[in-house]
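Enquirer: Following this line is data-v7.txt, made up of compact mmCIF, C-alpha atoms:
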```txt
# COMPACT_ATOMS: atom_id res chain seq x y z
CA MET A 1 -84.67 -100.66 40.97
CA SER A 2 -87.15 -103.32 42.09
CA PHE A 3 -90.63 -103.67 40.64
CA VAL A 4 -92.34 -102.49 43.84
CA THR A 5 -90.11 -99.42 44.14
CA LEU A 6 -90.58 -98.38 40.51
CA PHE A 7 -94.34 -98.99 40.55
CA THR A 8 -94.70 -97.02 43.79
CA THR A 9 -92.58 -94.15 42.48
CA VAL A 10 -94.47 -93.85 39.21
CA SER A 11 -97.84 -94.15 40.94
CA LEU A 12 -96.95 -91.48 43.50
CA CYS A 13 -95.87 -89.22 40.64
CA GLN A 14 -99.31 -89.54 39.03
CA ILE A 15 -101.01 -88.92 42.38
CA ALA A 16 -98.84 -85.81 42.85
CA TRP A 17 -100.07 -84.47 39.51
CA ILE A 18 -103.67 -84.89 40.68
CA LEU A 19 -102.83 -82.86 43.80
CA PHE A 20 -101.14 -80.21 41.63
CA GLY A 21 -104.28 -80.20 39.49
CA VAL A 22 -106.48 -79.52 42.53
CA LEU A 23 -104.16 -76.69 43.58
CA TRP A 24 -104.24 -75.31 40.04
CA VAL A 25 -108.05 -75.21 40.11
CA VAL A 26 -107.99 -73.30 43.40
CA ARG A 27 -105.35 -70.82 42.26
CA LYS A 28 -106.06 -70.44 38.54
CA HIS A 29 -109.68 -71.70 38.26
CA ASP A 30 -108.41 -73.94 35.46
CA GLU A 31 -109.60 -77.57 35.42
CA ILE A 32 -107.56 -78.83 32.44
CA PRO A 33 -104.54 -80.18 34.41
CA LEU A 34 -106.84 -81.89 36.92
CA LEU A 35 -108.88 -83.44 34.11
CA ILE A 36 -105.76 -84.75 32.35
CA SER A 37 -104.03 -86.07 35.48
CA THR A 38 -107.17 -87.79 36.81
CA LEU A 39 -107.92 -89.56 33.54
CA LEU A 40 -104.32 -90.69 33.10
CA PHE A 41 -104.16 -91.98 36.68
CA TYR A 42 -107.29 -94.04 36.07
CA VAL A 43 -106.19 -95.57 32.76
CA PHE A 44 -102.61 -96.34 33.86
CA THR A 45 -102.02 -96.62 37.60
CA PHE A 46 -105.50 -97.74 38.62
CA ARG A 47 -105.77 -100.08 35.63
CA PHE A 48 -102.38 -101.59 36.47
CA TRP A 49 -103.41 -102.05 40.10
CA ALA A 50 -106.67 -103.73 39.01
CA LEU A 51 -104.67 -106.15 36.84
CA LEU A 52 -102.24 -106.91 39.67
CA GLN A 53 -105.09 -107.63 42.07
CA GLY A 54 -106.85 -109.86 39.57
CA TRP A 55 -109.96 -107.68 39.50
CA THR A 56 -109.95 -107.69 35.72
CA SER A 57 -108.17 -109.50 32.91
CA PRO A 58 -105.67 -108.03 30.45
CA VAL A 59 -106.53 -107.71 26.80
CA ASP A 60 -105.66 -110.90 24.95
CA ILE A 61 -105.36 -110.87 21.17
CA SER A 62 -102.83 -113.69 20.97
CA ASN A 63 -104.90 -115.18 18.14
CA PHE A 64 -103.50 -112.33 16.02
CA GLY A 65 -99.93 -113.21 16.99
CA PHE A 66 -99.47 -110.76 19.87
CA ASP A 67 -97.74 -111.71 23.10
CA PRO A 68 -99.82 -111.55 26.31
CA VAL A 69 -99.63 -108.41 28.44
CA ASP A 70 -97.03 -109.09 31.14
CA VAL A 71 -96.13 -107.19 34.30
CA ASP A 72 -92.75 -105.88 33.12
CA SER A 73 -94.14 -104.49 29.87
CA ALA A 74 -97.05 -102.86 31.71
CA LEU A 75 -94.68 -101.21 34.18
CA THR A 76 -92.52 -99.87 31.34
CA VAL A 77 -95.58 -98.43 29.63
CA GLN A 78 -96.79 -96.84 32.87
CA ALA A 79 -93.40 -95.17 33.30
CA ILE A 80 -93.39 -93.88 29.69
CA ALA A 81 -96.90 -92.49 30.07
CA THR A 82 -96.00 -90.78 33.34
CA LEU A 83 -92.98 -89.21 31.65
CA GLY A 84 -95.21 -87.86 28.89
CA GLU A 85 -97.76 -86.61 31.43
CA THR A 86 -95.06 -84.83 33.40
CA VAL A 87 -93.67 -83.10 30.32
CA LEU A 88 -97.11 -82.15 28.96
CA LEU A 89 -98.45 -80.72 32.22
CA SER A 90 -95.20 -78.92 33.06
CA VAL A 91 -95.15 -77.19 29.69
CA TYR A 92 -98.87 -76.43 29.98
CA MET A 93 -98.43 -74.72 33.34
CA LEU A 94 -95.55 -72.66 31.98
CA ALA A 95 -97.59 -71.59 28.94
CA GLN A 96 -100.84 -70.89 30.84
CA ARG A 97 -100.26 -68.71 33.89
CA ARG A 98 -103.40 -66.61 33.78
CA ARG A 99 -106.20 -66.88 36.32
CA ILE A 100 -109.57 -67.65 34.70
CA ASP A 101 -112.18 -65.28 36.10
CA VAL A 102 -115.66 -65.69 34.61
CA PRO A 103 -117.79 -62.53 35.11
CA ARG A 104 -121.58 -62.41 35.32
CA THR A 105 -121.70 -60.59 31.98
CA LEU A 106 -120.38 -63.02 29.35
CA ALA A 107 -121.39 -61.11 26.21
CA SER A 108 -123.49 -58.18 25.05
CA PRO A 109 -127.29 -58.54 24.95
CA GLU A 110 -127.11 -57.90 21.20
CA LEU A 111 -124.71 -60.81 20.66
CA LEU A 112 -126.76 -63.15 22.84
CA GLY A 113 -129.94 -62.07 21.07
CA TRP A 114 -128.37 -62.84 17.70
CA LEU A 115 -127.03 -66.21 18.83
CA LYS A 116 -130.03 -67.66 20.71
CA PRO A 117 -132.59 -68.14 17.89
CA ARG A 118 -129.91 -69.39 15.51
CA LEU A 119 -128.69 -71.92 18.05
CA VAL A 120 -132.21 -73.24 18.65
CA ALA A 121 -132.78 -73.57 14.89
CA LEU A 122 -129.40 -75.27 14.44
CA GLY A 123 -130.13 -77.67 17.29
CA VAL A 124 -133.51 -78.69 15.86
CA ILE A 125 -132.03 -79.17 12.38
CA CYS A 126 -129.11 -81.26 13.68
CA ILE A 127 -131.45 -83.45 15.73
CA LEU A 128 -133.71 -84.12 12.76
CA VAL A 129 -130.80 -84.80 10.40
CA SER A 130 -129.20 -87.09 13.02
CA LEU A 131 -132.39 -89.14 13.20
CA LEU A 132 -132.51 -89.43 9.40
CA ALA A 133 -128.79 -90.31 9.25
CA ARG A 134 -129.20 -92.99 11.91
CA ARG A 135 -132.13 -94.51 10.02
CA SER A 136 -130.13 -94.51 6.79
CA VAL A 137 -127.20 -96.24 8.49
CA ASP A 138 -129.50 -98.88 10.02
CA VAL A 139 -131.02 -99.60 6.61
CA GLN A 140 -127.59 -99.99 4.99
CA VAL A 141 -126.30 -102.26 7.75
CA ALA A 142 -129.48 -104.35 7.57
CA SER A 143 -128.89 -104.78 3.84
CA GLY A 144 -125.51 -106.40 4.56
CA LYS A 145 -123.11 -103.47 4.17
CA SER A 146 -120.06 -103.27 6.44
CA MET A 147 -120.43 -100.51 9.03
CA SER A 148 -116.70 -99.86 9.02
CA PHE A 149 -115.89 -100.05 5.33
CA GLU A 150 -119.04 -99.54 3.24
CA VAL A 151 -121.17 -97.05 5.19
CA SER A 152 -120.19 -93.38 4.94
CA SER A 153 -118.63 -92.09 8.14
CA TYR A 154 -120.25 -88.72 7.48
CA LEU A 155 -123.60 -90.44 8.01
CA SER A 156 -122.65 -92.64 10.95
CA LEU A 157 -120.89 -89.81 12.79
CA PHE A 158 -123.25 -86.95 12.02
CA SER A 159 -124.86 -87.18 15.46
CA LEU A 160 -121.52 -86.00 16.86
CA SER A 161 -122.50 -82.51 15.66
CA LEU A 162 -124.85 -82.49 18.64
CA VAL A 163 -121.78 -82.36 20.90
CA GLY A 164 -121.05 -78.84 19.67
CA VAL A 165 -124.72 -77.88 20.01
CA ALA A 166 -124.72 -79.13 23.64
CA ILE A 167 -121.67 -77.01 24.46
CA LEU A 168 -123.31 -73.94 22.90
CA ILE A 169 -126.54 -74.52 24.86
CA ALA A 170 -124.56 -74.84 28.10
CA ALA A 171 -122.67 -71.61 27.35
CA LEU A 172 -125.88 -69.69 26.61
CA TRP A 173 -127.51 -71.16 29.72
CA LYS A 174 -124.54 -69.93 31.73
CA SER A 175 -124.99 -66.52 30.07
CA ARG A 176 -128.62 -66.43 31.31
CA ALA A 177 -129.74 -65.96 27.71
CA PHE A 178 -132.73 -68.30 28.10
CA ARG A 179 -135.67 -66.69 29.90
CA LEU A 180 -137.49 -68.67 32.58
CA GLY A 181 -140.46 -70.54 31.22
CA GLY A 182 -140.79 -71.53 27.60
CA GLU A 183 -137.22 -70.74 26.51
CA SER A 184 -135.64 -72.64 29.40
CA LEU A 185 -137.97 -75.58 28.80
CA LEU A 186 -137.06 -75.63 25.10
CA ALA A 187 -133.33 -75.55 25.93
CA ALA A 188 -133.79 -78.41 28.41
CA LEU A 189 -135.71 -80.48 25.84
CA LEU A 190 -132.96 -79.94 23.28
CA PHE A 191 -130.38 -80.96 25.84
CA PHE A 192 -132.17 -84.20 26.75
CA ALA A 193 -132.65 -85.00 23.07
CA ILE A 194 -128.89 -84.62 22.59
CA ILE A 195 -128.23 -86.96 25.52
CA TYR A 196 -130.55 -89.56 23.98
CA LEU A 197 -128.94 -89.35 20.53
CA THR A 198 -125.29 -89.35 21.70
CA PHE A 199 -125.59 -91.96 24.47
CA GLN A 200 -124.27 -94.93 22.55
CA PRO A 201 -121.79 -97.66 23.57
CA GLY A 202 -119.58 -96.95 20.57
CA MET A 203 -119.37 -93.22 21.36
CA ARG A 204 -119.06 -93.40 25.14
CA PHE A 205 -115.72 -91.55 25.24
CA GLN A 206 -117.16 -88.69 23.16
CA PHE A 207 -120.24 -88.67 25.40
CA LEU A 208 -118.07 -88.52 28.52
CA GLY A 209 -116.05 -85.69 26.99
CA TRP A 210 -118.94 -83.36 26.21
CA PHE A 211 -120.68 -84.15 29.50
CA VAL A 212 -117.51 -83.16 31.37
CA ALA A 213 -117.23 -80.00 29.22
CA VAL A 214 -120.80 -78.96 30.02
CA THR A 215 -120.14 -79.54 33.73
CA ILE A 216 -117.03 -77.35 33.59
CA ILE A 217 -118.92 -74.59 31.75
CA LEU A 218 -121.81 -74.56 34.24
CA SER A 219 -119.45 -74.55 37.24
CA SER A 220 -117.31 -71.68 35.93
CA GLY A 221 -117.38 -68.49 37.96
CA LEU A 222 -118.75 -70.13 41.12
CA SER A 223 -117.07 -70.14 44.52
CA VAL A 224 -114.56 -72.88 45.21
CA ILE A 225 -116.95 -74.89 47.38
CA ARG A 226 -119.91 -74.47 45.05
CA ARG A 227 -117.75 -75.30 42.03
CA ALA A 228 -116.47 -78.45 43.72
CA GLN A 229 -120.06 -79.54 44.40
CA VAL A 230 -121.17 -78.97 40.80
CA LEU A 231 -118.07 -80.68 39.41
CA ALA A 232 -118.52 -83.66 41.73
CA ILE A 233 -122.19 -84.12 40.79
CA GLY A 234 -121.50 -83.71 37.08
CA LEU A 235 -118.49 -86.02 37.03
CA VAL A 236 -120.22 -88.74 39.04
CA GLY A 237 -123.18 -88.57 36.66
CA ALA A 238 -120.89 -88.64 33.62
CA LEU A 239 -118.92 -91.64 34.90
CA ALA A 240 -122.11 -93.50 35.80
CA LEU A 241 -123.53 -93.03 32.29
CA PHE A 242 -120.13 -93.92 30.80
CA ALA A 243 -120.10 -97.18 32.76
CA VAL A 244 -123.67 -97.99 31.70
CA ALA A 245 -122.75 -97.35 28.05
CA GLY A 246 -119.81 -99.71 28.42
CA ALA A 247 -122.01 -102.35 30.04
CA LEU A 248 -124.46 -102.16 27.14
CA ARG A 249 -121.69 -103.41 24.85
CA ASN A 250 -121.56 -106.72 26.72
CA ASP A 251 -124.49 -108.81 25.58
CA GLU A 252 -122.71 -112.12 26.04
CA ASP A 253 -124.38 -112.84 29.39
CA PRO A 254 -127.91 -111.43 29.53
CA THR A 255 -128.37 -112.77 33.05
CA VAL A 256 -125.94 -110.23 34.48
CA GLU A 257 -127.83 -107.18 35.69
CA LEU A 258 -126.98 -103.92 33.95
CA GLN A 259 -126.35 -102.10 37.22
CA GLN A 260 -123.92 -104.75 38.45
CA SER A 261 -122.14 -104.92 35.10
CA ALA A 262 -121.79 -101.13 34.89
CA TRP A 263 -120.38 -100.93 38.42
CA GLU A 264 -117.86 -103.69 37.76
CA ARG A 265 -116.69 -102.12 34.51
CA PHE A 266 -116.02 -98.80 36.27
CA ALA A 267 -114.68 -100.10 39.60
CA PHE A 268 -112.35 -102.61 37.94
CA ALA A 269 -111.29 -100.31 35.05
CA GLN A 270 -112.47 -102.77 32.41
CA ASP A 271 -112.98 -100.01 29.83
CA ALA A 272 -109.73 -98.24 30.72
CA ASN A 273 -107.51 -100.67 28.81
CA MET A 274 -105.17 -98.05 27.29
CA LEU A 275 -102.33 -99.54 29.34
CA ASP A 276 -102.88 -102.83 27.53
CA GLY A 277 -103.16 -101.06 24.19
CA PHE A 278 -99.84 -99.30 24.74
CA VAL A 279 -98.16 -102.61 25.59
CA LEU A 280 -99.50 -104.16 22.38
CA LEU A 281 -98.46 -101.14 20.31
CA ARG A 282 -94.87 -101.46 21.53
CA GLN A 283 -94.84 -105.00 20.11
CA VAL A 284 -95.49 -103.47 16.68
CA TYR A 285 -93.28 -100.34 16.70
CA PRO A 286 -90.53 -100.43 15.62
CA ARG A 287 -90.19 -104.21 15.24
CA LEU A 288 -92.97 -104.81 12.69
CA LEU A 289 -93.63 -101.28 11.48
CA GLY A 290 -91.24 -98.34 11.41
CA TYR A 291 -91.91 -95.22 13.45
CA SER A 292 -94.29 -92.80 11.74
CA TYR A 293 -92.09 -89.70 12.25
CA GLY A 294 -95.09 -87.39 12.04
CA GLY A 295 -97.08 -89.55 9.65
CA GLU A 296 -99.73 -90.25 12.28
CA HIS A 297 -100.52 -86.54 12.41
CA LEU A 298 -100.25 -86.07 8.65
CA GLU A 299 -103.02 -88.64 8.25
CA ILE A 300 -105.35 -86.10 9.89
CA PHE A 301 -105.45 -84.17 6.62
CA GLU A 302 -106.08 -87.31 4.56
CA ARG A 303 -108.93 -88.74 6.62
CA PRO A 304 -111.71 -86.31 5.48
CA ILE A 305 -111.24 -87.43 1.85
CA PRO A 306 -113.92 -90.06 1.03
CA ARG A 307 -112.44 -93.40 0.00
CA ARG A 308 -114.67 -93.47 -3.08
CA TRP A 309 -112.70 -90.44 -4.32
CA TRP A 310 -109.37 -92.00 -3.34
CA PRO A 311 -109.70 -95.81 -3.41
CA ASP A 312 -106.02 -96.34 -2.58
CA LYS A 313 -106.02 -94.00 0.43
CA PRO A 314 -103.69 -95.44 3.10
CA VAL A 315 -105.48 -97.20 5.95
CA GLY A 316 -105.11 -96.09 9.55
CA GLY A 317 -104.29 -98.18 12.60
CA TYR A 318 -101.53 -100.76 12.84
CA MET A 319 -103.99 -103.67 12.67
CA ASN A 320 -105.08 -102.44 9.24
CA LYS A 321 -101.53 -101.63 8.15
CA LEU A 322 -100.38 -105.13 9.09
CA GLY A 323 -103.23 -106.58 7.05
CA LEU A 324 -104.76 -108.31 10.07
CA ILE A 325 -108.05 -106.50 9.45
CA THR A 326 -109.44 -105.72 6.01
CA ALA A 327 -112.81 -105.02 4.46
CA ASP A 328 -113.16 -108.78 3.92
CA THR A 329 -112.79 -109.70 7.60
CA GLY A 330 -116.18 -108.18 8.39
CA PHE A 331 -115.12 -106.71 11.74
CA THR A 332 -112.84 -104.09 13.28
CA LEU A 333 -110.52 -104.39 16.24
CA GLY A 334 -108.33 -101.86 17.96
CA ILE A 335 -107.11 -101.42 21.51
CA SER A 336 -106.50 -97.72 22.14
CA PRO A 337 -102.93 -97.10 23.38
CA SER A 338 -103.60 -93.65 24.94
CA LEU A 339 -102.34 -90.40 23.47
CA PHE A 340 -98.81 -91.23 24.60
CA GLY A 341 -98.99 -94.49 22.72
CA SER A 342 -99.73 -92.47 19.59
CA PHE A 343 -96.77 -90.25 20.44
CA TYR A 344 -94.60 -93.35 20.87
CA GLN A 345 -95.68 -94.52 17.43
CA GLU A 346 -94.34 -91.26 16.00
CA GLY A 347 -90.81 -91.74 17.31
CA GLY A 348 -90.37 -93.80 20.45
CA LEU A 349 -89.37 -92.02 23.65
CA VAL A 350 -88.19 -88.99 21.68
CA GLY A 351 -91.61 -88.82 20.04
CA VAL A 352 -93.32 -88.96 23.44
CA VAL A 353 -91.26 -86.07 24.79
CA LEU A 354 -91.43 -83.86 21.69
CA CYS A 355 -95.16 -84.36 21.09
CA SER A 356 -95.91 -83.83 24.79
CA ILE A 357 -94.08 -80.49 24.61
CA ILE A 358 -96.02 -79.45 21.51
CA TYR A 359 -99.40 -80.47 22.88
CA GLY A 360 -98.73 -78.99 26.32
CA PHE A 361 -97.69 -75.68 24.80
CA GLY A 362 -100.64 -75.67 22.40
CA PHE A 363 -103.18 -76.41 25.15
CA GLY A 364 -101.64 -73.80 27.43
CA ARG A 365 -101.56 -71.02 24.86
CA LEU A 366 -105.12 -71.80 23.76
CA VAL A 367 -106.46 -71.51 27.33
CA SER A 368 -104.38 -68.39 27.94
CA PHE A 369 -105.82 -66.82 24.77
CA SER A 370 -109.35 -67.70 25.92
CA THR A 371 -108.92 -65.41 28.95
CA ARG A 372 -108.17 -62.35 26.80
CA ILE A 373 -111.29 -62.35 24.61
CA VAL A 374 -115.03 -61.95 25.17
CA PRO A 375 -115.85 -64.30 28.11
CA LEU A 376 -118.52 -66.22 26.19
CA ALA A 377 -116.02 -67.06 23.44
CA GLY A 378 -113.41 -68.01 26.03
CA LEU A 379 -115.91 -70.28 27.75
CA LEU A 380 -116.70 -71.98 24.43
CA ILE A 381 -113.01 -72.53 23.66
CA ARG A 382 -112.34 -74.07 27.06
CA GLY A 383 -115.46 -76.22 26.74
CA ILE A 384 -114.34 -77.49 23.35
CA LEU A 385 -110.89 -78.29 24.71
CA ALA A 386 -112.32 -80.16 27.72
CA ALA A 387 -114.65 -82.17 25.47
CA ALA A 388 -111.76 -83.01 23.14
CA ILE A 389 -109.31 -84.07 25.84
CA VAL A 390 -111.19 -87.22 26.89
CA PRO A 391 -111.21 -88.99 23.48
CA LEU A 392 -107.80 -87.50 22.69
CA LEU A 393 -106.21 -89.01 25.80
CA ARG A 394 -107.74 -92.32 24.79
CA GLY A 395 -105.48 -92.17 21.73
CA GLY A 396 -105.14 -94.55 18.83
CA ASP A 397 -105.87 -93.56 15.22
CA LEU A 398 -105.32 -89.83 15.75
CA ALA A 399 -106.71 -89.10 12.29
CA GLY A 400 -110.00 -90.69 13.31
CA ILE A 401 -110.06 -88.77 16.59
CA TYR A 402 -109.51 -85.45 14.83
CA ALA A 403 -112.24 -86.42 12.36
CA TRP A 404 -114.52 -86.81 15.38
CA PHE A 405 -113.50 -83.30 16.46
CA GLY A 406 -114.42 -81.90 13.07
CA MET A 407 -117.82 -83.59 13.17
CA SER A 408 -118.38 -82.55 16.81
CA PHE A 409 -117.30 -78.93 16.98
CA TRP A 410 -118.22 -77.47 13.59
CA PRO A 411 -121.36 -75.81 15.06
CA CYS A 412 -119.18 -73.95 17.59
CA VAL A 413 -116.54 -73.05 15.00
CA LEU A 414 -119.20 -71.89 12.54
CA LEU A 415 -120.84 -69.50 15.00
CA LEU A 416 -117.48 -68.26 16.28
CA TRP A 417 -116.45 -67.51 12.70
CA LEU A 418 -119.70 -65.77 11.74
CA LYS A 419 -119.37 -63.36 14.67
CA ARG A 420 -115.59 -63.44 14.93
CA ARG A 421 -115.22 -59.67 15.37
CA GLU A 422 -117.54 -59.66 18.36
CA PHE A 423 -116.40 -62.98 19.84
CA PHE A 424 -112.68 -62.35 19.53
CA ALA A 425 -112.64 -58.74 20.69
CA ARG A 426 -109.68 -58.40 23.00
CA ILE A 427 -110.28 -57.21 26.55
CA PRO A 428 -107.54 -54.74 27.58
CA ASN A 429 -108.31 -55.09 31.30
CA TRP A 430 -109.76 -58.47 32.18
CA GLN A 431 -110.11 -57.76 35.91
CA GLN A 432 -112.25 -54.67 35.28
CA PHE A 433 -114.50 -56.72 33.02
CA ALA A 434 -114.71 -59.47 35.65
CA ASP A 435 -115.70 -56.90 38.28
CA GLY A 436 -118.49 -55.54 36.09
CA VAL A 437 -116.84 -52.20 35.31
CA PRO A 438 -117.71 -50.89 31.81
CA VAL A 439 -114.84 -51.60 29.45
CA ARG A 440 -114.37 -50.44 25.88
CA LEU A 441 -113.54 -53.44 23.69
CA GLU A 442 -111.55 -53.00 20.52
CA ARG A 443 -113.31 -54.65 17.58
CA ASP A 444 -111.01 -53.60 14.77
CA GLY A 445 -108.46 -50.94 14.05
CA SER A 446 -110.85 -47.99 14.05
CA ARG A 447 -114.04 -48.79 16.00
CA GLU A 448 -114.87 -49.74 19.55
CA HIS A 449 -117.83 -51.54 21.09
CA SER A 450 -118.89 -51.82 24.74
CA LEU A 451 -120.23 -55.10 26.06
CA VAL A 452 -121.31 -53.87 29.49
```
Would it be possible to restate this file's structure as structure tokens?
Expert:
Amino acid sequence: MSFVTLFTTVSLCQIAWILFGVLWVVRKHDEIPLLISTLLFYVFTFRFWALLQGWTSPVDISNFGFDPVDVDSALTVQAIATLGETVLLSVYMLAQRRRIDVPRTLASPELLGWLKPRLVALGVICILVSLLARRSVDVQVASGKSMSFEVSSYLSLFSLSLVGVAILIAALWKSRAFRLGGESLLAALLFFAIIYLTFQPGMRFQFLGWFVAVTIILSSGLSVIRRAQVLAIGLVGALALFAVAGALRNDEDPTVELQQSAWERFAFAQDANMLDGFVLLRQVYPRLLGYSYGGEHLEIFERPIPRRWWPDKPVGGYMNKLGLITADTGFTLGISPSLFGSFYQEGGLVGVVLCSIIYGFGFGRLVSFSTRIVPLAGLLIRGILAAAIVPLLRGGDLAGIYAWFGMSFWPCVLLLWLKRREFFARIPNWQQFADGVPVRLERDGSREHSLV
């Protein structure tokens, strides 16, 4: 098969998944497949096209001994990623067949009344602690400490907790829990404070993820046309801010205007270099390092342990494992290979297929479960998943990504756990609840509680 034929076939396959995603939103009111297929199209097919047209340059780390990114390797990687995408989305759609209907009543007034003041207090506390943590990190870096090896990640990443707070605020806003006037103004101020504290070049993928999640939450339950409008506005805003955050990283040429730089980075897929990262990863596995065979995921449980408690804790990332980057180099370097690159690291093509099946099934069952519980809890679960998908699809150092999740979503998990009986009450007839008909919800084995 010629290059043109294979590239066209693979690209059309990714476009077809976007169309399936649009159809899935219309039929099931579920944005997850569309989110996944659109992101993967951008970082693989569009990135490849931008490289072919000369709009951008491939990643070059030949000074570390890596071969340049060539056309044949890029095409192979695009095909592998499309295979993984096809398996993941197919399994997802088989595991998640339920239509997501979001009623006007998302939770009982008692539950919303309990949650609102605690969320506001939690948001204020997290904002203040984030400011203190940021100041502490700046002081340590100014004193000469390495940001990557000598500054506690719990300090540098604490502001990620505001991601969970933002999702909770959006869910309560959707629930109409904030009264017009002072309460709505306070919620808006908290939200803008979160934007300010999380809008950083180094956390642009996390920022994009939670912004997309909030957009999905606020658009839930609307008509198809109205939902499309809200999603379009939110996604355009998210991508614009993402591009600006990426442009702020480039301080090499101060004469280039920020607006022009941001547009070029987005239009030419300069930040979407996961295709390049996957090509580079395949030069390492299995030639220089053996397949992980699940070790990449096992590292998730090791990462939370501080290195001061475990000085010999294994390092993550193949650049660290190869010894190309150490605490003495004074810098970090890593080109994300996408989630499917991480799967490839686990076991080659077999790893891509098996992990895609597991993730697709897990995502599908999680979303399906979210439709059977109190709507507010279901909305939170789907928001968390949407926020997690963006950095997860970026891939590379899965243990670090899951550490981000822990730092980001603990506010949501904490509140879900504290009121787990109310949040996870199963709805025996979802359609009646969606239509506003009073439904008795089973809280435990012996008592019932009505939410409407």
Enquirer: Give me the residues within 12 Å of A:Phe41 as a list in words, counting only C-alpha atoms and dropping any in the same chain fewer than 6 places off.
Expert: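 Answer for this query is Val10, Ser11, Leu12, Cys13, Gln14, Ile15, Ala16, Trp17, Ile18, Leu19, Leu34, Leu35, Arg47, Phe48, Trp49, Gln78, Ala79, Ala81, Thr82, Glu85, Ala269, Ala272, Met274, Leu275, Ser338 and Leu393 of chain A.
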Enquirer: Return the single residue from A:Pro109, A:Gly400, A:Gly348, A:Gly234 that is closest to A:Glu302, with distances computed using only C-alpha atoms.
Expert: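 Of A:Pro109, A:Gly400, A:Gly348, A:Gly234, the one nearest A:Glu302, counting only C-alpha atoms, is A:Gly400.
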Enquirer: Give me the residues near stretch 207-224 of chain A as number ranges by chain, where near means some atom within 6 Å (using only C-alpha atoms) and where sequence neighbours in that chain fewer than 6 positions away do not count.
Expert: A: 102, 167, 170, 174, 230, 234, 238, 383, 386-387, 390
Enquirer: Go ahead and compute the interatomic distance for atom CA of A:Val22 and atom CA of A:Leu385, in Å to one decimal.
Expert: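 Computing the Euclidean distance for atom CA of A:Val22 and atom CA of A:Leu385 yields 18.4 Å.
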Enquirer: Please determine the residues with any atom at most 9 Å from (-126.8, -62.3, 20.5) (coordinates as given in the file, with only C-alpha atoms counting) and report them as a PyMOL selection string.
Expert: chain A and resi 107-117+177
Enquirer: Determine, counting only C-alpha atoms, which protein, DNA and RNA residues have an atom within 10 Å of an atom of A:Arg98; residues of the same chain fewer than 6 positions away are not included. Present the result as a list in words.
Expert: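 So the residues in contact are Arg27, Lys28, His29, Asp30, Gly364, Val367, Ser368, Phe369, Ser370, Thr371 and Arg372 of chain A.
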Enquirer: Could you list, as a PyMOL selection string, every residue within 9 Å of A:Leu160, counting all atoms listed in the file and ignoring same-chain residues fewer than 3 positions away?
Expert: chain A and resi 130+156-157+163-164+197-198+203+206+404-405+407-409
Enquirer: When you draw a straight line from atom CA of A:Arg179 to atom CA of A:Leu376, how long is it in Å?
Expert: 17.6 Å
Enquirer: I'd like the interatomic distance between atom CA of A:Val353 and atom CA of A:Val87, to a tenth of an Å.
Expert: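 Separating atom CA of A:Val353 from atom CA of A:Val87 is a distance of 6.7 Å.
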Enquirer: Identify which of the residues A:Leu94, A:Leu168, A:Val59, A:Gly316 lies closest to A:Gly378, counting only C-alpha atoms when measuring atom-to-atom distances.
Expert: A:Leu168
Enquirer: List as a ChimeraX atom specification the protein and nucleic acid residues near A:Leu88, meaning an atom at most 10 Å away when all atoms listed in the file are counted, but skip any in the same chain fewer than 4 places from it.
Expert: /A:33,36,82-84,92-93,352-364
Enquirer: Closest to A:Leu40 among A:Ile305, A:Val350, A:Ala188, A:Leu339, using only C-alpha atoms?
Expert: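 Closest to A:Leu40, using only C-alpha atoms: A:Leu339.
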Enquirer: My list of candidates is A:Ile381, A:Val4, A:Gly347, A:Tyr402. Which is closest to A:Ser292 when distances are computed with only C-alpha atoms?
Expert: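 Looking only at the distances to A:Ser292, the closest residue turns out to be A:Gly347.
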Enquirer: Let me make sure I understand: among A:Leu418, A:Ser62, A:Thr8, A:Leu398, which one has the smallest atom-to-atom distance to A:Phe301 if we use all atoms listed in the file?
Expert: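 That would be A:Leu398, the residue with the smallest distance to A:Phe301.
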Enquirer: Between A:Ala142, A:Val279, A:Ala232, A:Pro411, which has the minimum distance to A:Val71 (counting only C-alpha atoms)?
Expert: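 Of the candidates, the smallest distance to A:Val71 is held by A:Val279.
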